[in-house]
>>> print(open('input_28.pdb').read())   # PDB, C-alpha atoms
ATOM      1  CA  PRO A   1      28.827  -2.187  -4.352
ATOM      2  CA  PHE A   2      28.351   1.367  -3.061
ATOM      3  CA  ASN A   3      30.730   2.833  -5.663
ATOM      4  CA  LYS A   4      29.184   1.200  -8.739
ATOM      5  CA  PRO A   5      28.485   3.441 -11.768
ATOM      6  CA  LEU A   6      25.030   4.973 -11.808
ATOM      7  CA  ASN A   7      24.332   3.937 -15.390
ATOM      8  CA  MET A   8      26.170   0.804 -16.444
ATOM      9  CA  PRO A   9      25.762  -0.835 -19.881
ATOM     10  CA  GLN A  10      22.633  -3.009 -19.935
ATOM     11  CA  GLN A  11      21.948  -2.103 -16.304
ATOM     12  CA  GLY A  12      18.213  -2.282 -16.872
ATOM     13  CA  GLU A  13      18.322  -5.670 -18.569
ATOM     14  CA  LEU A  14      20.474  -7.045 -15.772
ATOM     15  CA  PHE A  15      18.097  -5.649 -13.160
ATOM     16  CA  ALA A  16      15.109  -7.375 -14.761
ATOM     17  CA  TYR A  17      16.955 -10.635 -15.407
ATOM     18  CA  MET A  18      18.426 -10.897 -11.912
ATOM     19  CA  HIS A  19      15.081 -10.487 -10.202
ATOM     20  CA  GLN A  20      13.363 -12.834 -12.657
ATOM     21  CA  GLN A  21      15.913 -15.507 -11.764
ATOM     22  CA  MET A  22      15.491 -14.879  -8.030
ATOM     23  CA  LEU A  23      11.740 -15.332  -8.449
ATOM     24  CA  ALA A  24      12.251 -18.531 -10.438
ATOM     25  CA  ARG A  25      14.451 -19.979  -7.698
ATOM     26  CA  TYR A  26      12.038 -18.891  -4.969
ATOM     27  CA  ASN A  27       9.066 -20.404  -6.790
ATOM     28  CA  SER A  28      10.889 -23.677  -7.401
ATOM     29  CA  GLU A  29      11.607 -23.957  -3.684
ATOM     30  CA  ARG A  30       7.974 -23.179  -2.852
ATOM     31  CA  LEU A  31       6.736 -25.813  -5.272
ATOM     32  CA  ALA A  32       9.182 -28.340  -3.833
ATOM     33  CA  VAL A  33       7.485 -28.101  -0.427
ATOM     34  CA  GLY A  34       3.930 -28.013  -1.747
ATOM     35  CA  LEU A  35       3.356 -24.258  -1.779
ATOM     36  CA  SER A  36       1.818 -22.376  -4.690
ATOM     37  CA  PRO A  37       3.877 -19.887  -6.738
ATOM     38  CA  VAL A  38       4.239 -16.402  -5.290
ATOM     39  CA  VAL A  39       1.531 -13.891  -6.192
ATOM     40  CA  PRO A  40       2.188 -10.173  -6.791
ATOM     41  CA  TYR A  41       1.508  -7.567  -4.137
ATOM     42  CA  GLY A  42       1.568  -3.824  -4.676
ATOM     43  CA  PRO A  43      -0.587  -0.749  -5.419
ATOM     44  CA  GLY A  44      -3.169  -1.722  -8.007
ATOM     45  CA  MET A  45      -2.493  -5.447  -7.570
ATOM     46  CA  GLY A  46      -3.773  -6.481  -4.151
ATOM     47  CA  GLY A  47      -2.084  -3.607  -2.342
ATOM     48  CA  ASN A  48      -5.364  -2.405  -0.869
ATOM     49  CA  GLU A  49      -5.821  -5.765   0.875
ATOM     50  CA  PRO A  50      -4.216  -6.649   4.229
ATOM     51  CA  LEU A  51      -0.755  -8.146   3.947
ATOM     52  CA  MET A  52      -1.158 -11.355   5.887
ATOM     53  CA  GLU A  53       2.521 -12.297   5.841
ATOM     54  CA  GLY A  54       4.051 -10.804   8.960
ATOM     55  CA  PHE A  55       7.814 -10.922   9.378
ATOM     56  CA  ASN A  56      10.356 -10.448  12.145
ATOM     57  CA  LEU A  57      14.049 -10.402  11.269
ATOM     58  CA  ASN A  58      14.937 -10.657  14.966
ATOM     59  CA  ASN A  59      17.431  -7.848  14.542
ATOM     60  CA  GLU A  60      17.375  -4.764  16.764
ATOM     61  CA  ASN A  61      18.111  -2.538  13.768
ATOM     62  CA  TYR A  62      14.849  -3.437  12.010
ATOM     63  CA  SER A  63      11.261  -3.406  13.171
ATOM     64  CA  PRO A  64       8.984  -6.426  12.747
ATOM     65  CA  ARG A  65       5.902  -6.230  10.546
ATOM     66  CA  PRO A  66       2.724  -7.565  12.162
ATOM     67  CA  SER A  67       0.336  -9.619  10.063
ATOM     68  CA  GLY A  68      -2.664  -7.818   8.574
ATOM     69  CA  MET A  69      -1.095  -4.449   7.737
ATOM     70  CA  THR A  70      -1.936  -2.582   4.535
ATOM     71  CA  ILE A  71       0.042  -0.276   2.282
ATOM     72  CA  PRO A  72      -0.523   3.288   3.569
ATOM     73  CA  SER A  73      -1.953   5.937   1.285
ATOM     74  CA  SER A  74       1.006   8.202   2.078
ATOM     75  CA  THR A  75       4.582   7.578   3.270
ATOM     76  CA  THR A  76       7.059  10.273   4.291
ATOM     77  CA  LEU A  77      10.778   9.985   3.568
ATOM     78  CA  GLY A  78      12.665  13.163   4.348
ATOM     79  CA  ALA A  79      11.099  15.925   2.257
ATOM     80  CA  ARG A  80       9.373  13.410  -0.007
ATOM     81  CA  ASN A  81       5.775  12.298   0.309
ATOM     82  CA  ILE A  82       5.152   9.012  -1.514
ATOM     83  CA  LEU A  83       1.510   8.438  -2.462
ATOM     84  CA  SER A  84       0.327   4.927  -3.248
ATOM     85  CA  GLU A  85      -2.124   6.353  -5.805
ATOM     86  CA  ASP A  86       0.831   7.901  -7.655
ATOM     87  CA  MET A  87       2.446   4.465  -7.834
ATOM     88  CA  VAL A  88      -0.738   3.114  -9.438
ATOM     89  CA  THR A  89      -0.622   5.979 -11.946
ATOM     90  CA  HIS A  90       3.041   5.371 -12.754
ATOM     91  CA  ARG A  91       2.390   1.676 -13.321
ATOM     92  CA  GLN A  92      -0.493   2.512 -15.667
ATOM     93  CA  ARG A  93       1.702   4.926 -17.616
ATOM     94  CA  LEU A  94       4.356   2.238 -18.019
ATOM     95  CA  LEU A  95       1.751  -0.239 -19.266
ATOM     96  CA  ILE A  96       0.455   2.340 -21.750
ATOM     97  CA  GLY A  97       4.027   2.863 -22.956
ATOM     98  CA  ILE A  98       4.415  -0.886 -23.423
ATOM     99  CA  ALA A  99       1.188  -1.062 -25.427
ATOM    100  CA  ARG A 100       2.385   1.816 -27.634
ATOM    101  CA  GLY A 101       5.911   0.482 -27.971
ATOM    102  CA  HIS A 102       7.538   3.679 -26.736
ATOM    103  CA  LEU A 103       8.060   5.849 -23.670
ATOM    104  CA  GLU A 104       8.104   9.646 -23.591
ATOM    105  CA  ASP A 105      11.118  11.617 -22.442
ATOM    106  CA  SER A 106      10.991  14.965 -20.646
ATOM    107  CA  LEU A 107      10.747  16.826 -23.984
ATOM    108  CA  GLY A 108       7.818  14.760 -25.200
ATOM    109  CA  ASN A 109       9.918  12.736 -27.625
ATOM    110  CA  SER A 110       8.975   9.116 -28.248
ATOM    111  CA  ILE A 111      11.731   6.737 -27.161
ATOM    112  CA  LYS A 112      11.513   3.256 -28.650
ATOM    113  CA  LEU A 113      10.940   0.742 -25.916
ATOM    114  CA  SER A 114      13.519  -1.858 -24.956
ATOM    115  CA  MET A 115      13.915  -4.080 -21.934
ATOM    116  CA  ASN A 116      16.903  -1.985 -20.934
ATOM    117  CA  ASN A 117      15.245   1.442 -20.943
ATOM    118  CA  LEU A 118      11.993   0.046 -19.513
ATOM    119  CA  SER A 119      13.862  -1.540 -16.601
ATOM    120  CA  CYS A 120      15.972   1.573 -16.028
ATOM    121  CA  THR A 121      12.758   3.589 -15.885
ATOM    122  CA  VAL A 122      11.140   1.162 -13.431
ATOM    123  CA  GLU A 123      14.264   1.225 -11.266
ATOM    124  CA  ALA A 124      14.497   5.025 -11.717
ATOM    125  CA  ASN A 125      18.251   4.974 -12.181
ATOM    126  CA  GLU A 126      20.199   7.446 -14.333
ATOM    127  CA  GLY A 127      19.028   5.620 -17.461
ATOM    128  CA  SER A 128      15.363   6.365 -16.755
ATOM    129  CA  VAL A 129      13.572   7.796 -19.770
ATOM    130  CA  ASN A 130      11.534  10.226 -17.656
ATOM    131  CA  LYS A 131      11.552  10.112 -13.861
ATOM    132  CA  LEU A 132       8.910  12.801 -13.539
ATOM    133  CA  LEU A 133       6.401  11.012 -15.770
ATOM    134  CA  TYR A 134       7.080   7.418 -14.686
ATOM    135  CA  GLY A 135       8.189   7.962 -11.122
ATOM    136  CA  SER A 136      10.293   5.600  -9.041
ATOM    137  CA  ILE A 137       7.905   2.714  -8.637
ATOM    138  CA  HIS A 138      10.455   0.052  -7.692
ATOM    139  CA  ASN A 139      12.320   2.084  -5.105
ATOM    140  CA  ASN A 140       9.174   3.636  -3.664
ATOM    141  CA  GLY A 141       7.721   0.181  -3.098
ATOM    142  CA  HIS A 142      10.685  -0.779  -0.945
ATOM    143  CA  VAL A 143      10.280   2.446   1.041
ATOM    144  CA  VAL A 144       6.518   2.136   1.476
ATOM    145  CA  ILE A 145       6.656  -1.482   2.620
ATOM    146  CA  GLY A 146       9.759  -0.847   4.721
ATOM    147  CA  PHE A 147       7.948   1.897   6.671
ATOM    148  CA  ILE A 148       4.529   0.242   6.603
ATOM    149  CA  ASN A 149       4.177   0.351  10.399
ATOM    150  CA  ASP A 150       5.183   4.024  10.785
ATOM    151  CA  PRO A 151       4.639   5.755   7.421
ATOM    152  CA  ASP A 152       4.678   9.328   8.731
ATOM    153  CA  LYS A 153       7.532   8.677  11.217
ATOM    154  CA  ARG A 154       5.212   9.710  14.026
ATOM    155  CA  TYR A 155       6.527   7.119  16.453
ATOM    156  CA  GLY A 156      10.169   6.907  15.422
ATOM    157  CA  ILE A 157       9.876   3.197  14.647
ATOM    158  CA  LYS A 158      12.814   1.749  12.748
ATOM    159  CA  PRO A 159      12.095   0.559   9.209
ATOM    160  CA  GLY A 160      11.637  -3.081   8.322
ATOM    161  CA  PRO A 161      14.200  -5.049   6.285
ATOM    162  CA  MET A 162      12.521  -4.155   2.965
ATOM    163  CA  TYR A 163      14.022  -0.678   3.287
ATOM    164  CA  GLN A 164      17.661  -1.803   3.072
ATOM    165  CA  GLU A 165      19.055  -3.556   0.008
ATOM    166  CA  TYR A 166      21.260  -5.863   2.055
ATOM    167  CA  THR A 167      18.371  -7.267   4.105
ATOM    168  CA  THR A 168      15.408  -6.928   1.764
ATOM    169  CA  ALA A 169      15.515 -10.428   0.269
ATOM    170  CA  ARG A 170      15.168 -11.989   3.724
ATOM    171  CA  ASP A 171      11.600 -10.693   3.965
ATOM    172  CA  PRO A 172       9.116 -12.909   2.046
ATOM    173  CA  ILE A 173       7.242  -9.812   0.871
ATOM    174  CA  PHE A 174      10.318  -8.986  -1.236
ATOM    175  CA  TYR A 175       9.304 -11.755  -3.640
ATOM    176  CA  ARG A 176       5.677 -10.668  -3.815
ATOM    177  CA  TRP A 177       6.798  -7.096  -4.471
ATOM    178  CA  HIS A 178       9.187  -8.197  -7.206
ATOM    179  CA  LYS A 179       6.508 -10.376  -8.756
ATOM    180  CA  TYR A 180       4.558  -7.118  -8.971
ATOM    181  CA  ILE A 181       7.527  -5.435 -10.670
ATOM    182  CA  ASP A 182       8.136  -8.451 -12.901
ATOM    183  CA  SER A 183       4.517  -8.325 -14.074
ATOM    184  CA  ILE A 184       5.416  -5.064 -15.831
ATOM    185  CA  PHE A 185       8.399  -6.692 -17.515
ATOM    186  CA  GLU A 186       6.355  -9.768 -18.421
ATOM    187  CA  THR A 187       3.778  -7.565 -20.128
ATOM    188  CA  TYR A 188       6.597  -6.217 -22.283
ATOM    189  CA  ARG A 189       8.106  -9.665 -22.930
ATOM    190  CA  LYS A 190       4.796 -10.829 -24.369
ATOM    191  CA  THR A 191       5.015  -8.129 -27.063
ATOM    192  CA  LEU A 192       8.344  -9.450 -28.349
ATOM    193  CA  ASP A 193       8.709 -11.810 -31.290
ATOM    194  CA  PRO A 194       9.736 -15.360 -30.357
ATOM    195  CA  TYR A 195      13.305 -16.475 -30.856
ATOM    196  CA  HIS A 196      14.173 -18.347 -34.029
ATOM    197  CA  LYS A 197      16.551 -21.273 -34.156
ATOM    198  CA  GLU A 198      19.255 -19.180 -35.805
ATOM    199  CA  ASP A 199      19.054 -16.635 -32.971
ATOM    200  CA  LEU A 200      20.244 -19.314 -30.542
ATOM    201  CA  GLN A 201      23.061 -20.753 -32.636
TER     202      GLN A 201
END
>>> encode(input="input_28.pdb", output="structure tokens")
Amino acid sequence: PFNKPLNMPQQGELFAYMHQQMLARYNSERLAVGLSPVVPYGPGMGGNEPLMEGFNLNNENYSPRPSGMTIPSSTTLGARNILSEDMVTHRQRLLIGIARGHLEDSLGNSIKLSMNNLSCTVEANEGSVNKLLYGSIHNNGHVVIGFINDPDKRYGIKPGPMYQEYTTARDPIFYRWHKYIDSIFETYRKTLDPYHKEDLQ
């Protein structure tokens, strides 16, 4: 998995579909035990409210997240400084692009929107239409939540499981975060024409 191509065919579509299916499975299991469907959590969608779901992986390599923490306004990762307000801006720009039916590349050209290039842009992989304009909202969310209890690395606290791709899905906030991401994709899906019978034959 660590040697996969950076820009595979339909990588964006597969990214969106995989997480949509994970959410569907998670919600079906919640409904089966009397819980309501998962609600989104992220900057601009409840991210300024305390995150009441604490989590402890019980693994010495990852720090627990106490209940009641909030997304910090700024998170440091190496030389990068991730601002939650920038994530709100990037989400708004994506939604504007969806409403217009196109995204803008680094030269100002209009690129017709598709699920593939939208998802690549959200994931900020090599297929992103414009990383500078639309940021890295998906990846930054994992970083921000992963370092929620030590965003400026002041105390040398290890990150939570949301920071690593091989542990992230064990944290319940993963599903709230990806419901946040999926809300962007769902906004786009609603602009598409419905399937016709012949499309499915």
>>> residues_around(input="input_28.pdb", residues="range 18-23 of chain A", least_positions_apart="2", cutoff="8 Å", atoms="all atoms listed in the file", output="list in words")
Leu14, Phe15, Ala16, Arg25, Tyr26, Asn27, Tyr175, His178, Lys179 and Asp182 of chain A
>>> resolve_selection(input="input_28.pdb", expression="the PyMOL selection byres ((chain A and resi 43-59) around 7)", output="list in words")
Pro40, Tyr41, Gly42, Glu60, Asn61, Tyr62, Pro64, Arg65, Pro66, Ser67, Gly68, Met69, Thr70, Ile71, Ser84, Met87, Val88 and Asp171 of chain A
>>> atom_distance(input="input_28.pdb", atom1="CA of Gly78 in chain A", atom2="CA of Thr168 in chain A")
20.4 Å
>>> atom_distance(input="input_28.pdb", atom1="CA of Ser28 in chain A", atom2="CA of Pro172 in chain A")
14.4 Å
>>> atom_distance(input="input_28.pdb", atom1="CA of Asn149 in chain A", atom2="CA of Ser63 in chain A")
8.5 Å
>>> closest_residue(input="input_28.pdb", among="A:Ser136, A:Ser73, A:Asn109, A:Ser119", to="Glu186 in chain A", atoms="all atoms listed in the file")
A:Ser119
>>> resolve_selection(input="input_28.pdb", expression="the PyMOL selection byres ((chain A and resi 139-143) around 9)", output="VMD selection string")
chain A and resid 42 to 43 75 77 82 84 87 122 to 124 135 to 138 144 to 148 159 162 to 165 168 174 177
>>> resolve_selection(input="input_28.pdb", expression="the PyMOL selection byres ((chain A and resi 97-103) around 12)", output="ChimeraX atom specification")
/A:90-96,104-115,117-122,128-131,133-134,183-192
>>> closest_residue(input="input_28.pdb", among="A:Gly127, A:Lys153, A:Ala79, A:Pro37", to="Arg176 in chain A", atoms="only C-alpha atoms")
A:Pro37
>>> axis_aligned_box(input="input_28.pdb", around="range 145-160 of chain A", padding_each_side="4 Å", output="JSON")
{"center_x": 8.5, "center_y": 3.3, "center_z": 9.5, "size_x": 16.6, "size_y": 20.8, "size_z": 21.8}
